[in-house]
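**Q** Quick one: this structure, given as structure tokens, is what I'll be asking you about.
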Protein chains: 4
Amino acid sequence: MSKLEMGMVGGGGDAMIGAVHRSAALMDGEIELVAGALSSSKEKALASGRDWELSDDRNYGSWQEMLESELDLPEEERIDFVSVVTPNHMHFEVAHAFVEAGFNVVLDKPMVHTLEQARSLIEAVEKSGVVFAVTYQYTGYPMVKQARYMVRRGDLGEIRKVIVEYSQDWLGAKAEDSGVKQAEWRTDPEKAGIAGAIGDIGSHAENLVSTVTGLEMYEICADLTSFVPGRQLDDDGNLLIRYGGGAKGVFIASQISTGEENNLNLRVYGTEGGLEWRQEEPNYLIFKPSKAPAEVLKRGNEYLCEAAKKASRLPPGHPEAFIEAFANIYSSVAATIRSKCNNHEPDGFEQDFPTVYDGAKGVHFIEKAVESSRSEEKWLDTR
Amino acid sequence: MSKLEMGMVGGGGDAMIGAVHRSAALMDGEIELVAGALSSSKEKALASGRDWELSDDRNYGSWQEMLESELDLPEEERIDFVSVVTPNHMHFEVAHAFVEAGFNVVLDKPMVHTLEQARSLIEAVEKSGVVFAVTYQYTGYPMVKQARYMVRRGDLGEIRKVIVEYSQDWLGAKAEDSGVKQAEWRTDPEKAGIAGAIGDIGSHAENLVSTVTGLEMYEICADLTSFVPGRQLDDDGNLLIRYGGGAKGVFIASQISTGEENNLNLRVYGTEGGLEWRQEEPNYLIFKPSKAPAEVLKRGNEYLCEAAKKASRLPPGHPEAFIEAFANIYSSVAATIRSKCNNHEPDGFEQDFPTVYDGAKGVHFIEKAVESSRSEEKWLDTR
Amino acid sequence: MSKLEMGMVGGGGDAMIGAVHRSAALMDGEIELVAGALSSSKEKALASGRDWELSDDRNYGSWQEMLESELDLPEEERIDFVSVVTPNHMHFEVAHAFVEAGFNVVLDKPMVHTLEQARSLIEAVEKSGVVFAVTYQYTGYPMVKQARYMVRRGDLGEIRKVIVEYSQDWLGAKAEDSGVKQAEWRTDPEKAGIAGAIGDIGSHAENLVSTVTGLEMYEICADLTSFVPGRQLDDDGNLLIRYGGGAKGVFIASQISTGEENNLNLRVYGTEGGLEWRQEEPNYLIFKPSKAPAEVLKRGNEYLCEAAKKASRLPPGHPEAFIEAFANIYSSVAATIRSKCNNHEPDGFEQDFPTVYDGAKGVHFIEKAVESSRSEEKWLDTR
Amino acid sequence: MSKLEMGMVGGGGDAMIGAVHRSAALMDGEIELVAGALSSSKEKALASGRDWELSDDRNYGSWQEMLESELDLPEEERIDFVSVVTPNHMHFEVAHAFVEAGFNVVLDKPMVHTLEQARSLIEAVEKSGVVFAVTYQYTGYPMVKQARYMVRRGDLGEIRKVIVEYSQDWLGAKAEDSGVKQAEWRTDPEKAGIAGAIGDIGSHAENLVSTVTGLEMYEICADLTSFVPGRQLDDDGNLLIRYGGGAKGVFIASQISTGEENNLNLRVYGTEGGLEWRQEEPNYLIFKPSKAPAEVLKRGNEYLCEAAKKASRLPPGHPEAFIEAFANIYSSVAATIRSKCNNHEPDGFEQDFPTVYDGAKGVHFIEKAVESSRSEEKWLDTR
């Protein structure tokens, strides 16, 4: 069977995330990148496509052109899926158009700007029946899958408390005024949406908690701040959370915590045990059973759950990291597309990627966090 | 010059904290324990005193007897100070009585039950002029003194964010019903006061932030929980905090976080750098300057500030720990008493211990945290 | 410019390392795998090639067939280089043949079985002028390049001591009798050569020290052991080393150290500072200057040397790991091949991969370690 | 029952170790320091004694005077034991004299200069029947006792490999020429004996391995170095070791490893599991069972062995450290003396301190290490 063919919208030039998507897609040898509209500027798009060695006829100047041209191809010659990795404000329009046209879609997070858009996208996906994934890549890590397995199996007992943190420092000064493109659009409400840090990284933290614990937020109390003078969106946010079932949560997202690079970490505490995972050392998961020694579970070992093992490429001690986690999403998406092509029902592993519903949950969270922060009410209902 | 003579109220029997106070007081060879009323039960008090080899004539059956008898002695034969290490509900009465009688006092935390008591105690201390210390022992650690020095010197720039956490798990099940004496009084409003975890350990966290940063809480938003069925006081508390000057805080105190032993940790983030300290590995302080490698400062080194060096007994790499931090409070108190006896003004190092004002701050915090938790208002003014 | 075309010899079936080479080669989008003779068994080779979606006409049943067929192609249609990832005993014959035929070669470690073969290979490479790399992948890690930079720049002063360790446990029991293919050939003198652990992983440790410090081994004293009953080759080896210039070394390689997964670590101590790097947390490098706080350097930061930055794909805190280190070798090799094609002199970054001379050093080390272990003489001259 | 009365020889002035012995002895409230000959200079001795508030009649100008005067006292008024904490060259004479006179003795390490002295001391101890301890304080740590328990119980299976390291950097420059008293005598063969680092800290490492594993050294191969120009004794030593039963060892002791403070660590690998303990984080013991998650055992927990629990003062997470480990030796010695006074046979816990036989083992090791280093023979028999 031949490789799946992928197109990409956005991601060219110096957009770090485009190269990551490409590496993640290519590394397992199951996907090749054959088409792209790699920038919103036609000129940059074409230049980036040449850099990435796209053939001229599928190196498009705009996503609309790409959509039309691919549709003009015979069905079996079209790209198998498109990855949309533009700044946030383009997500909805592009993804919606490709979904409606029947293309499978991989979309960067946060999925869209508003819950209304999210609902419209869900509708389109349900109607068209395409495969649709959101690249919450952190839940692609094997040890996050192991955490999910242990929490869901009940190893921790009844969950009482969740502490999730995502701290960075790269927006501690006004990078958006220094020509840092990544900073420019992320701090611009037109492009990033109503939220800054709470959208850009808070959505990852939300997805991490939701994926691992399955807990549903019932009420939240948010305090978002724009520390850097002149910045319009939040660059720091802290929340208290009340989950269904009585669990309590502390939620921290910050892009001004000096000295923190990409410190996403999760702790879950139940009646029988606690769990701790840190993204910067992603090959470890610490399990802290009540009244017994803490255990350090390590990626690649036989004692892990199937999902963790299938999401692993290397033996223990040969660390895997960020790009491999990302690649796990592509790999599951690819397997799901192949199954569908072969009229098989995708199995659990194949479907182990964040869906349009996960994406919508994130958008809902962002909206509510901003609403709560502006409110004088202590608790905002998020059900 | 001879050793200072110490008396102790409470701390006998299986009260862990009594032995800690004794070890901390004795270990530097400057203090001896000569008198005690080591339990509220006369019988247990006397038995404990015999175990600890108090002479019979100063092994008292009650604190009142101790106070009276010591007062009956010629002034130069009286104890130099008394340590009050009873359960919380006895703190005010005992400490107040000794202060009024002119004795120097070392008192366990939280200082008293109510802000009214705290004010009364402040008044008594100011009137009598005695030396008065509260054993917030964690701020006795050398690396906490170093953190204070660096924050106050401006190494972190302007402080934007503080995350403090004190997580334990020993009250995750209903220990108070299993004959654990430590749990019994700590979960009993009659003895512990209006707060559980937020009082017992939250007060330490409050003191740690206050000591290191000098920030003043302006507004708080608390969510306290009693997770264990049938428990009257909180066993978990999470707060959002707004400090004077615009810094934001996240504050976590829990005694039900399974697998956490005594996980007190502090992070402070400023415009120029971040700091991290963890009580369970207390010999390290991590400084994270902006755009430069993180630095691991270690106790015992020449490059530390004077206060950190003076609070150290051993060369680098020969770890010091909890009892030594505790001993630093006794050592400073002892030096202050000696200076006063010699009519010297105590210097900065001598006076480097938590005072009655620090104690009052803690009581204020506890009251406000409980009040906020009960309120529907988002922000409670704490000025 | 189009992608470089790669062929592979060996690596099919369940050989972990083949998939790693493939992922490493593909992930940066500069190389595609177009030809292969993926196993020494024709049947397995062809099946593996189909799995990996090689076109039928370049899915070869043997490396000889591949060599001949590729030579039959017009020069511009041949593979740009071949990766040889067979068990050790095939290295020499295959690599030598491809080199002689004028193909660029990437060869797995240890390079060959004997120093004689190594010399012959050097001669062939020098004669043919091809690009030749040995995949000592650990020196592809950015923080190893940073360590090299700091040692060579003199940050540590004069080097006095080197401690290198490579501990694993996967051969602690007799895996070669349980159908573990990886274990079978590695413990078989016919296929692995004269050395077990000291060859398989000791050679990595040797290359790591040599790359970072540039120190030359003058004398060694080895004690190799076969702990597992019935095993013919060493599964544990410890050495004392005397380097030129007076530095001393401790060298540990073990495959029976229960609980160690892939614990390669290096420490270098000089008159002015020490360095520490651990492969299992490869994004950090600890610098310990004399009388100053230790510094934790982290991958992806601006403060690192050019070679470390160029070998990095992601921002700080987004960890990179084993496959990315591997990919750095492929990336440098690819850049060097392109430069040569364009008649440019490859620059320092392009040529930053282990060469045939590094490979020969490893073979020399292995021979000497085995010789020393068998000798009653304390010190074996290795100059 | 009253406190045990202790005398001290040496340890006054700025000798760090005297204060440590005092703190360790005092902190549990069972011992008081009543007599001393605190320096070899009469003047310094008396001044130090006054500093430490010894009564004038037992503040002696020399150890001979102390011995005579104490002997002149009625038996029940004499000190219960003497601690000898002088530089090494005084150990034998002083300890021997006190033992012969029937005093219980606590002696610093390394015990004496020569094996001949060691044998003579053993003889004297056996003849007099006194309690005699050597302050190898590191084996006083609770988690070392736990390690011993687990190895001896067979949790690791058959032991195959031991890696012990004790790295410091405080003699990396010529401190003995800068007025550092600690450095002066430790680098002077007259006072320190035939060995530098290998005696001062290597003896601790030897005791640690011996205590935890019970393994007997059969053969050693040593390479000792004096890195600092003009230094007479070794400041760095590395050894390969063959133990009885076939286990192999790597042994590292260094005082010139820049950036290492007091990095004593031990790893033991058996057929079923591995163990790791690090002195700088002494409250943890890592157990690495084969094919299962690593476990982090923490001091203070119920799941530990009795010896580890009895050697602990504080609950989990309230760290204990160096002085407490030291105090455990004093505490066991005190309990043993009390038992003997009461004609009870001391139990296992009471006798859990390093003995004169352990001390002799250390002296033997030092002699053999120096001999091996000077020899051209690879293996020196040490049985």
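Quick note on naming: the chains in the structure tokens go A, B, ... in the order shown, residues restart at 1 in each chain, and ligands are numbered from 1 in order of appearance.
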Go through segment 144-339 of chain A and collect every residue that DSSP, computed from the backbone, puts in strand (DSSP E or B); the answer should be as a count of residues only.
**A** 58
**Q** Show me, as a ChimeraX atom specification, the residues that have an atom within 7 Å of segment 221-232 of chain A when counting only C-alpha atoms, minus same-chain residues fewer than 4 positions from it.
**A** /A:172-174,187,236-241,369,372-373,378-380
**Q** My list of candidates is B:Glu350, B:Glu272, B:Glu324, B:Asp235. Which is closest to chain D when distances are computed with only C-alpha atoms?
**A**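 Result for the nearest residue to chain D: B:Glu324.
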**Q** Write out as an NGL selection string every residue belonging to chain D that has an atom at most 7 Å from any atom of chain B, counting only C-alpha atoms.
**A** :D and (1-2 or 23 or 26-29 or 53 or 261-263 or 280 or 316-322)
**Q** When you count only C-alpha atoms, which of these residues is closest to Glu5 of chain B: B:Lys161, B:Arg58, B:Lys288, B:Arg78?
**A** B:Arg78
**Q** Can you pull out every residue within 10 Å of segment 86-95 of chain C, counting only C-alpha atoms, but drop anything in the same chain fewer than 2 positions away, and send it as a ChimeraX atom specification?
**A** /C:8-12,15,17-18,38-40,63-64,67,82-84,97-101,103-114,117-118,120-121,124-125,132,182,185-186,189-193,199-200
**Q** Applying 12 Å and only C-alpha atoms, which residues near Asp347 of chain A remain after dropping the ones on its own chain fewer than 3 positions away? List them as number ranges by chain.
**A** A: 307, 332-333, 335-340, 344, 350-353
**Q** Using only C-alpha atoms, which protein or nucleic acid residues come within 8 Å of Val209 of chain A? Drop anything in the same chain fewer than 5 positions from it, and give the result as a VMD selection string.
**A** chain A and resid 162 164 214 to 215 266
**Q** Excluding Ile286 of chain A and its own-chain neighbours fewer than 3 positions away, which residues fall within 7 Å of it when counting only C-alpha atoms? Please give them as a PyMOL selection string.
**A** chain A and resi 275-277+294-297
